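Below is the file work28.cif, which contains mmCIF, C-alpha atoms.
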```cif
data_data
loop_
_atom_site.label_atom_id
_atom_site.label_comp_id
_atom_site.auth_asym_id
_atom_site.auth_seq_id
_atom_site.Cartn_x
_atom_site.Cartn_y
_atom_site.Cartn_z
CA MET A 1 8.47 -1.22 -4.87
CA ARG A 2 11.96 -2.63 -5.17
CA ILE A 3 14.39 -3.73 -2.50
CA SER A 4 16.65 -0.88 -3.66
CA ASP A 5 13.83 1.55 -2.80
CA LEU A 6 13.41 -0.06 0.61
CA LEU A 7 17.13 0.39 1.33
CA GLU A 8 16.64 4.16 0.94
CA TYR A 9 14.32 4.34 3.94
CA THR A 10 15.37 5.43 7.41
CA VAL A 11 13.66 3.95 10.45
CA HIS A 12 12.44 6.07 13.33
CA ALA A 13 11.22 4.95 16.74
CA ALA A 14 7.87 6.17 17.98
CA ASP A 15 9.55 8.96 19.97
CA GLY A 16 11.22 10.22 16.80
CA THR A 17 14.67 8.73 17.48
CA ARG A 18 16.45 7.88 14.25
CA LEU A 19 17.50 4.21 14.38
CA GLY A 20 19.28 4.19 11.02
CA LYS A 21 18.89 3.19 7.42
CA VAL A 22 17.48 -0.12 6.28
CA SER A 23 20.46 -2.26 5.32
CA ASP A 24 18.83 -5.63 4.68
CA ALA A 25 15.56 -7.50 4.90
CA ARG A 26 15.11 -10.88 6.55
CA VAL A 27 12.97 -13.10 4.35
CA ILE A 28 11.20 -16.24 5.55
CA GLN A 29 9.61 -18.62 3.12
CA ASP A 30 6.41 -19.26 5.04
CA GLY A 31 3.81 -17.32 3.08
CA PRO A 32 0.92 -18.78 1.12
CA VAL A 33 1.91 -21.62 -1.20
CA LEU A 34 2.25 -20.38 -4.78
CA ALA A 35 1.29 -22.54 -7.73
CA GLY A 36 1.53 -25.60 -5.49
CA THR A 37 5.30 -25.51 -5.63
CA GLN A 38 6.63 -23.28 -2.88
CA ALA A 39 5.63 -20.92 -0.13
CA ALA A 40 5.82 -17.18 -0.74
CA PHE A 41 8.85 -15.30 0.54
CA ARG A 42 7.55 -13.11 3.35
CA ILE A 43 9.63 -10.20 4.58
CA ASP A 44 9.70 -10.82 8.29
CA ALA A 45 12.01 -8.06 9.48
CA LEU A 46 14.26 -5.22 8.41
CA VAL A 47 17.90 -4.99 9.46
CA VAL A 48 18.55 -1.39 10.41
CA GLY A 49 21.69 0.55 11.11
CA ARG A 50 25.43 0.10 10.93
CA GLY A 51 27.25 -2.99 9.87
CA GLY A 52 27.81 -2.01 6.26
CA LEU A 53 31.49 -2.93 6.02
CA ALA A 54 30.97 -6.19 7.90
CA GLU A 55 28.13 -6.98 5.54
CA ARG A 56 30.16 -6.33 2.43
CA LEU A 57 32.95 -8.60 3.68
CA GLY A 58 30.52 -11.33 4.65
CA TYR A 59 31.30 -11.21 8.39
CA ILE A 60 27.69 -11.01 9.27
CA ARG A 61 24.86 -12.89 10.93
CA GLY A 62 27.43 -15.19 12.56
CA ARG A 63 28.15 -16.96 9.29
CA VAL A 64 31.94 -16.82 9.27
CA GLU A 65 33.80 -18.61 12.04
CA GLY A 66 37.31 -17.34 11.48
CA PRO A 67 39.80 -15.79 11.71
CA TRP A 68 38.58 -15.11 15.22
CA ILE A 69 40.00 -11.61 15.45
CA LEU A 70 38.02 -10.47 12.41
CA CYS A 71 34.90 -12.25 13.64
CA ALA A 72 35.18 -10.53 16.99
CA PHE A 73 35.75 -7.14 15.40
CA PHE A 74 32.93 -7.35 12.91
CA SER A 75 30.52 -8.97 15.36
CA ARG A 76 31.10 -6.00 17.63
CA LEU A 77 30.52 -3.65 14.71
CA GLU A 78 27.36 -5.46 13.73
CA ARG A 79 26.00 -5.24 17.25
CA ARG A 80 24.96 -1.72 16.35
CA ALA A 81 22.57 -3.10 13.77
CA GLN A 82 19.02 -3.75 14.91
CA VAL A 83 16.20 -5.83 13.59
CA VAL A 84 12.75 -4.37 13.27
CA ALA A 85 9.81 -6.69 12.73
CA VAL A 86 7.55 -5.67 9.87
CA THR A 87 4.60 -6.04 12.25
CA ASP A 88 6.10 -3.23 14.36
CA ILE A 89 5.84 -0.73 11.52
CA ALA A 90 3.18 1.85 12.23
CA ARG A 91 3.51 4.17 9.25
CA TRP A 92 5.33 4.61 5.97
CA ASP A 93 6.24 8.12 4.89
CA ASP A 94 6.98 7.66 1.22
CA GLU A 95 7.71 11.32 0.57
CA ALA A 96 10.48 11.50 3.16
CA HIS A 97 11.48 7.84 2.80
CA GLU A 98 10.86 7.18 6.47
CA ILE A 99 9.44 4.25 8.40
CA HIS A 100 7.88 4.98 11.78
CA LEU A 101 7.52 2.25 14.37
CA THR A 102 4.73 1.59 16.81
CA ALA A 103 5.07 2.95 20.31
CA ASP A 104 5.51 -0.34 22.11
CA VAL A 105 8.59 -1.59 20.28
CA ASP A 106 11.12 -2.64 22.90
CA ARG A 107 14.72 -2.02 21.89
CA ALA A 108 15.77 -5.32 23.50
CA ARG A 109 13.58 -7.20 21.05
CA ARG A 110 15.58 -5.95 18.11
CA THR A 111 18.22 -8.65 17.83
CA LEU A 112 19.66 -10.37 14.81
CA GLU A 113 18.42 -13.78 15.92
CA PRO A 114 15.38 -14.95 13.95
CA MET B 1 3.90 4.03 -2.48
CA GLY B 2 3.76 2.28 -5.79
CA PHE B 3 4.04 -1.35 -4.92
CA GLY B 4 4.32 -3.21 -8.18
CA GLY B 5 3.42 -6.70 -9.17
CA ALA B 6 0.74 -9.11 -8.23
CA ALA B 7 0.34 -10.18 -4.65
CA PRO B 8 1.57 -13.67 -3.84
CA GLY B 9 -1.15 -16.15 -4.42
CA LYS B 10 -2.35 -14.12 -7.36
CA GLU B 11 0.62 -15.11 -9.53
CA ARG B 12 -0.29 -16.83 -12.74
CA SER B 13 0.03 -20.58 -12.70
CA MET B 14 3.01 -22.19 -14.34
CA SER B 15 4.76 -25.49 -14.69
CA ALA B 16 7.64 -24.69 -12.40
CA SER B 17 10.50 -27.02 -11.76
CA GLY B 18 9.65 -29.05 -8.76
CA ALA B 19 6.04 -29.53 -9.76
CA GLY B 20 4.75 -32.68 -8.13
CA ASN B 21 7.19 -32.29 -5.24
CA PRO B 22 6.12 -31.07 -1.81
CA ALA B 23 5.96 -27.29 -1.62
CA ARG B 24 9.22 -25.62 -0.62
CA THR B 25 8.93 -23.80 2.63
CA GLY B 26 10.77 -22.65 5.72
CA ARG B 27 13.90 -21.09 4.24
CA VAL B 28 15.28 -18.04 6.07
CA LEU B 29 17.29 -15.66 3.91
CA HIS B 30 18.68 -12.17 4.03
CA ALA B 31 17.67 -10.39 0.85
CA THR B 32 20.85 -8.48 0.09
CA LEU B 33 23.17 -11.24 1.24
CA ASP B 34 21.46 -14.31 -0.15
CA LEU B 35 19.57 -13.06 -3.18
CA LEU B 36 21.00 -9.90 -4.69
CA ASP B 37 23.78 -10.35 -7.26
CA ARG B 38 23.38 -14.11 -7.34
CA GLN B 39 23.90 -15.81 -10.70
CA LEU B 40 20.72 -17.00 -12.41
CA ARG B 41 20.56 -20.28 -14.31
CA ASP B 42 17.64 -21.11 -16.61
CA ARG B 43 15.75 -24.40 -16.87
CA ASN B 44 18.26 -25.67 -19.44
CA GLY B 45 21.25 -24.92 -17.25
CA LYS B 46 22.29 -21.81 -19.20
CA LEU B 47 23.47 -18.73 -17.34
CA CYS B 48 20.86 -16.02 -17.74
CA GLY B 49 22.06 -13.02 -15.76
CA ASN B 50 22.25 -11.94 -12.15
CA VAL B 51 19.69 -10.87 -9.60
CA ASP B 52 19.87 -7.11 -10.11
CA ASP B 53 17.00 -6.19 -7.82
CA LEU B 54 13.94 -7.66 -6.11
CA GLU B 55 10.34 -6.61 -6.40
CA ILE B 56 8.45 -6.26 -3.15
CA THR B 57 4.69 -6.38 -2.78
CA ARG B 58 2.86 -5.11 0.29
CA ASP B 59 -0.55 -6.28 1.34
CA ASP B 60 -2.18 -3.05 2.44
CA GLU B 61 -4.76 -4.86 4.56
CA THR B 62 -2.40 -6.97 6.64
CA GLY B 63 0.75 -4.89 6.28
CA GLN B 64 2.67 -8.00 5.25
CA MET B 65 5.36 -7.70 2.63
CA PHE B 66 6.45 -10.35 0.17
CA VAL B 67 9.27 -10.71 -2.32
CA SER B 68 7.25 -11.15 -5.49
CA ALA B 69 9.82 -11.19 -8.29
CA ILE B 70 13.45 -11.24 -9.27
CA LEU B 71 14.42 -8.35 -11.51
CA CYS B 72 17.24 -8.59 -14.02
CA GLY B 73 18.15 -7.02 -17.31
CA PRO B 74 19.12 -3.69 -18.84
CA GLY B 75 18.67 -0.70 -16.54
CA ILE B 76 17.77 -2.61 -13.38
CA LEU B 77 21.25 -2.49 -11.87
CA ALA B 78 21.64 1.19 -12.78
CA TYR B 79 18.40 1.89 -10.91
CA ARG B 80 19.66 -0.01 -7.87
CA MET B 81 22.97 1.84 -7.94
CA GLY B 82 21.10 5.11 -7.53
CA ARG B 83 20.94 6.07 -11.20
CA ARG B 84 17.15 6.03 -11.09
CA ARG B 85 16.50 8.11 -14.20
CA LEU B 86 19.10 6.34 -16.32
CA GLY B 87 17.83 2.98 -15.13
CA ARG B 88 14.23 3.76 -16.01
CA TRP B 89 15.30 5.12 -19.39
CA LEU B 90 17.31 2.00 -20.19
CA GLU B 91 14.43 -0.26 -19.13
CA ASP B 92 12.00 1.72 -21.23
CA ALA B 93 14.28 1.85 -24.25
CA ASN B 94 14.95 -1.86 -24.06
CA ARG B 95 11.23 -2.59 -23.78
CA ARG B 96 10.52 -0.57 -26.92
CA VAL B 97 13.30 -2.11 -28.97
CA HIS B 98 12.85 -5.70 -27.86
CA ASP B 99 9.14 -5.98 -27.22
CA THR B 100 8.82 -9.39 -28.81
CA PRO B 101 7.99 -11.84 -26.06
CA ARG B 102 7.63 -15.45 -27.11
CA HIS B 103 5.04 -16.01 -24.44
CA HIS B 104 1.39 -15.93 -25.34
CA GLU B 105 0.50 -14.28 -22.05
CA PRO B 106 1.98 -10.96 -20.92
CA PHE B 107 5.43 -11.48 -19.47
CA GLU B 108 7.67 -8.67 -18.28
CA ARG B 109 11.03 -9.76 -19.64
CA THR B 110 12.97 -8.10 -16.83
CA ARG B 111 10.77 -9.65 -14.16
CA ILE B 112 10.90 -13.30 -13.05
CA PRO B 113 8.05 -14.12 -10.65
CA ILE B 114 9.53 -15.57 -7.47
CA VAL B 115 7.46 -18.71 -7.93
CA PHE B 116 9.78 -19.56 -10.82
CA ALA B 117 12.77 -19.72 -8.49
CA GLY B 118 13.97 -23.17 -7.54
CA GLU B 119 17.21 -23.89 -5.74
CA ILE B 120 18.70 -20.86 -4.02
CA GLY B 121 22.40 -21.08 -3.31
CA PRO B 122 25.43 -19.48 -4.89
CA MET B 123 23.37 -19.88 -8.04
CA ILE B 124 19.61 -19.49 -8.35
CA GLU B 125 17.76 -21.80 -10.71
CA VAL B 126 14.76 -20.26 -12.45
CA ALA B 127 12.12 -22.10 -14.46
CA VAL B 128 12.31 -19.85 -17.53
CA ASP B 129 14.24 -19.90 -20.80
CA VAL B 130 17.12 -17.49 -21.21
CA ASP B 131 15.58 -16.36 -24.53
CA ASP B 132 12.50 -15.12 -22.67
CA LEU B 133 14.55 -12.75 -20.55
CA ALA B 134 15.92 -9.34 -21.43
CA THR B 135 19.39 -10.14 -20.13
CA HIS B 136 21.01 -10.78 -23.53
CA ASP B 137 18.85 -8.43 -25.60
CA MET B 138 21.76 -6.20 -26.54
CA GLU B 139 23.79 -9.14 -27.81
CA ARG B 140 20.77 -10.43 -29.74
CA TRP B 141 20.12 -7.02 -31.28
CA THR B 142 23.77 -6.66 -32.28
CA LEU B 143 23.76 -10.13 -33.81
CA THR B 144 20.59 -9.54 -35.80
CA HIS B 145 21.19 -5.98 -36.92
CA ILE B 146 24.97 -5.80 -37.32
CA ILE B 147 26.86 -9.09 -37.26
CA ASP B 148 24.42 -10.93 -39.54
CA HIS B 149 24.85 -8.23 -42.21
CA ILE B 150 28.62 -8.60 -42.40
CA PRO B 151 29.65 -10.77 -45.35
CA GLY B 152 31.08 -14.03 -44.13
CA SER B 153 29.08 -14.01 -40.94
CA GLY B 154 27.35 -17.22 -42.01
CA SER B 155 23.87 -15.76 -41.87
CA ARG B 156 21.30 -16.93 -44.42
CA ALA B 157 21.23 -13.52 -46.09
CA HIS B 158 24.72 -14.08 -47.47
CA GLN B 159 24.37 -17.72 -48.45
#
```

Can you dump the structure from the file as structure tokens?
Amino acid sequence: MRISDLLEYTVHAADGTRLGKVSDARVIQDGPVLAGTQAAFRIDALVVGRGGLAERLGYIRGRVEGPWILCAFFSRLERRAQVVAVTDIARWDDEAHEIHLTADVDRARRTLEP
Amino acid sequence: MGFGGAAPGKERSMSASGAGNPARTGRVLHATLDLLDRQLRDRNGKLCGNVDDLEITRDDETGQMFVSAILCGPGILAYRMGRRRLGRWLEDANRRVHDTPRHHEPFERTRIPIVFAGEIGPMIEVAVDVDDLATHDMERWTLTHIIDHIPGSGSRAHQ
């Protein structure tokens, strides 16, 4: 599977609510050590939903500090994006390109903070 | 779902840059922001393409997913841009025309195992040679099959 395939998937909550398309994947280098040189890059979470324009312009994940008006605008836009932990995925529907989450995923948990 | 590639930990061993140093760990990245489209630089400092796509491997038992390889070369970007059929065709055609890896062991020339990646910044250093990658295959083919046959090109055939 490629990351471009993953970006085709839409994420659905357990009650069937469509949360949005996968727009990014948060990767943490804390997997098993490979060849004694570095830890594997584990996909920890998927970023789901809007924020596309902010992403393209780089005003994302709190990385750009100014100009403040753009930061404020794009931060607000990005607030619509949610983060879904990979451990919260219940089922992959590869035919329909859908990811279904487990029932106990709390919406408040889905923030962009690692 | 067809998850390609070997699972992390099952990658073949290699003499990566950084051997002898403590294992790299702890970096937090966003795949599309920090990895895709980044410039690749080989072990000799030569530019060797861009990150066109990333290969993901899922462990079916644990449900964990890992980035297992960097993909670059003919057809990969077309695939990512939604031209799936064209991308696959280009990859396949390139593999048939340029299937001459210098490695003794099997090595997908459009696939750089993630363990070969060193520094990740605006540029990503990879512990491979540019000649082992498919990035410049078209230029190489043109040089060998067209340019070298033009009188005055300086190739041995005309000396």

Please report as an mmCIF file with C-alpha atoms, in the frame of the given file which residues of chain A come no farther than 9 Å from chain B, using all atoms listed in the file.
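part-v1.cif, freshly written:
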```
data_model
loop_
_atom_site.group_PDB
_atom_site.id
_atom_site.type_symbol
_atom_site.label_atom_id
_atom_site.label_comp_id
_atom_site.auth_asym_id
_atom_site.auth_seq_id
_atom_site.Cartn_x
_atom_site.Cartn_y
_atom_site.Cartn_z
ATOM 1 C CA MET A 1 8.470 -1.220 -4.870
ATOM 2 C CA ARG A 2 11.960 -2.630 -5.170
ATOM 3 C CA ILE A 3 14.390 -3.730 -2.500
ATOM 4 C CA SER A 4 16.650 -0.880 -3.660
ATOM 5 C CA ASP A 5 13.830 1.550 -2.800
ATOM 6 C CA LEU A 6 13.410 -0.060 0.610
ATOM 7 C CA SER A 23 20.460 -2.260 5.320
ATOM 8 C CA ASP A 24 18.830 -5.630 4.680
ATOM 9 C CA ALA A 25 15.560 -7.500 4.900
ATOM 10 C CA ARG A 26 15.110 -10.880 6.550
ATOM 11 C CA VAL A 27 12.970 -13.100 4.350
ATOM 12 C CA ILE A 28 11.200 -16.240 5.550
ATOM 13 C CA GLN A 29 9.610 -18.620 3.120
ATOM 14 C CA ASP A 30 6.410 -19.260 5.040
ATOM 15 C CA GLY A 31 3.810 -17.320 3.080
ATOM 16 C CA PRO A 32 0.920 -18.780 1.120
ATOM 17 C CA VAL A 33 1.910 -21.620 -1.200
ATOM 18 C CA LEU A 34 2.250 -20.380 -4.780
ATOM 19 C CA ALA A 35 1.290 -22.540 -7.730
ATOM 20 C CA GLY A 36 1.530 -25.600 -5.490
ATOM 21 C CA THR A 37 5.300 -25.510 -5.630
ATOM 22 C CA GLN A 38 6.630 -23.280 -2.880
ATOM 23 C CA ALA A 39 5.630 -20.920 -0.130
ATOM 24 C CA ALA A 40 5.820 -17.180 -0.740
ATOM 25 C CA PHE A 41 8.850 -15.300 0.540
ATOM 26 C CA ARG A 42 7.550 -13.110 3.350
ATOM 27 C CA ILE A 43 9.630 -10.200 4.580
ATOM 28 C CA ASP A 44 9.700 -10.820 8.290
ATOM 29 C CA GLU A 55 28.130 -6.980 5.540
ATOM 30 C CA ARG A 56 30.160 -6.330 2.430
ATOM 31 C CA GLY A 58 30.520 -11.330 4.650
ATOM 32 C CA VAL A 86 7.550 -5.670 9.870
ATOM 33 C CA THR A 87 4.600 -6.040 12.250
ATOM 34 C CA ILE A 89 5.840 -0.730 11.520
ATOM 35 C CA TRP A 92 5.330 4.610 5.970
ATOM 36 C CA ASP A 93 6.240 8.120 4.890
ATOM 37 C CA ASP A 94 6.980 7.660 1.220
ATOM 38 C CA GLU A 95 7.710 11.320 0.570
ATOM 39 C CA PRO A 114 15.380 -14.950 13.950
#
```

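The coordinates place CA of Gly75 (chain B) at 16.5 Å from CA of Arg140 (chain B).
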
Atomic separation - CA of Asp137 (chain B) relative to CA of Ala93 (chain B), Å:
11.3 Å

Using only C-alpha atoms, pick whichever of B:Glu119, B:Glu139, B:Glu61, B:Asp131 has the shortest atom-to-atom distance to Leu35 (chain B).
B:Glu119

Taking (8.6, 5.5, 13.4) in the file's coordinates as the center, which residues reach within 10 Å of it, counting all atoms listed in the file, put as a list of chain:residue names?
A:Thr10, A:Val11, A:His12, A:Ala13, A:Ala14, A:Asp15, A:Gly16, A:Thr17, A:Arg18, A:Leu19, A:Asp88, A:Ile89, A:Ala90, A:Arg91, A:Trp92, A:Asp93, A:Glu98, A:Ile99, A:His100, A:Leu101, A:Thr102, A:Ala103, A:Val105

Enter the distance from CA of His149 (chain B) to CA of Thr135 (chain B), in Å, rounded to one decimal.
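Between CA of His149 (chain B) and CA of Thr135 (chain B) the gap works out to 22.8 Å.
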
Translate the PyMOL selection byres ((chain B and resi 41) around 10) into a concrete residue list for this structure, as a PDB file with C-alpha atoms, in the frame of the given file.
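As written to disk, result09.pdb reads:
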```pdb
ATOM      1  CA  ARG B  38      23.380 -14.110  -7.340  1.00  0.00           C
ATOM      2  CA  GLN B  39      23.900 -15.810 -10.700  1.00  0.00           C
ATOM      3  CA  LEU B  40      20.720 -17.000 -12.410  1.00  0.00           C
ATOM      4  CA  ASP B  42      17.640 -21.110 -16.610  1.00  0.00           C
ATOM      5  CA  ARG B  43      15.750 -24.400 -16.870  1.00  0.00           C
ATOM      6  CA  ASN B  44      18.260 -25.670 -19.440  1.00  0.00           C
ATOM      7  CA  GLY B  45      21.250 -24.920 -17.250  1.00  0.00           C
ATOM      8  CA  LYS B  46      22.290 -21.810 -19.200  1.00  0.00           C
ATOM      9  CA  LEU B  47      23.470 -18.730 -17.340  1.00  0.00           C
ATOM     10  CA  CYS B  48      20.860 -16.020 -17.740  1.00  0.00           C
ATOM     11  CA  GLY B  49      22.060 -13.020 -15.760  1.00  0.00           C
ATOM     12  CA  ASN B  50      22.250 -11.940 -12.150  1.00  0.00           C
ATOM     13  CA  ALA B 117      12.770 -19.720  -8.490  1.00  0.00           C
ATOM     14  CA  GLY B 118      13.970 -23.170  -7.540  1.00  0.00           C
ATOM     15  CA  GLU B 119      17.210 -23.890  -5.740  1.00  0.00           C
ATOM     16  CA  MET B 123      23.370 -19.880  -8.040  1.00  0.00           C
ATOM     17  CA  ILE B 124      19.610 -19.490  -8.350  1.00  0.00           C
ATOM     18  CA  GLU B 125      17.760 -21.800 -10.710  1.00  0.00           C
ATOM     19  CA  VAL B 126      14.760 -20.260 -12.450  1.00  0.00           C
ATOM     20  CA  ALA B 127      12.120 -22.100 -14.460  1.00  0.00           C
ATOM     21  CA  VAL B 128      12.310 -19.850 -17.530  1.00  0.00           C
ATOM     22  CA  ASP B 129      14.240 -19.900 -20.800  1.00  0.00           C
ATOM     23  CA  VAL B 130      17.120 -17.490 -21.210  1.00  0.00           C
TER      24      VAL B 130
END
```

Can you translate the PyMOL selection byres ((chain A and resi 22) around 6) into the concrete residues it hits in this file, as a PDB file with C-alpha atoms, in the coordinates of the input?
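Okay, out.pdb is ready:
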```
ATOM      1  CA  LEU A   7      17.130   0.390   1.330  1.00  0.00           C
ATOM      2  CA  TYR A   9      14.320   4.340   3.940  1.00  0.00           C
ATOM      3  CA  LYS A  21      18.890   3.190   7.420  1.00  0.00           C
ATOM      4  CA  SER A  23      20.460  -2.260   5.320  1.00  0.00           C
ATOM      5  CA  ASP A  24      18.830  -5.630   4.680  1.00  0.00           C
ATOM      6  CA  VAL A  47      17.900  -4.990   9.460  1.00  0.00           C
ATOM      7  CA  VAL A  48      18.550  -1.390  10.410  1.00  0.00           C
TER       8      VAL A  48
END
```
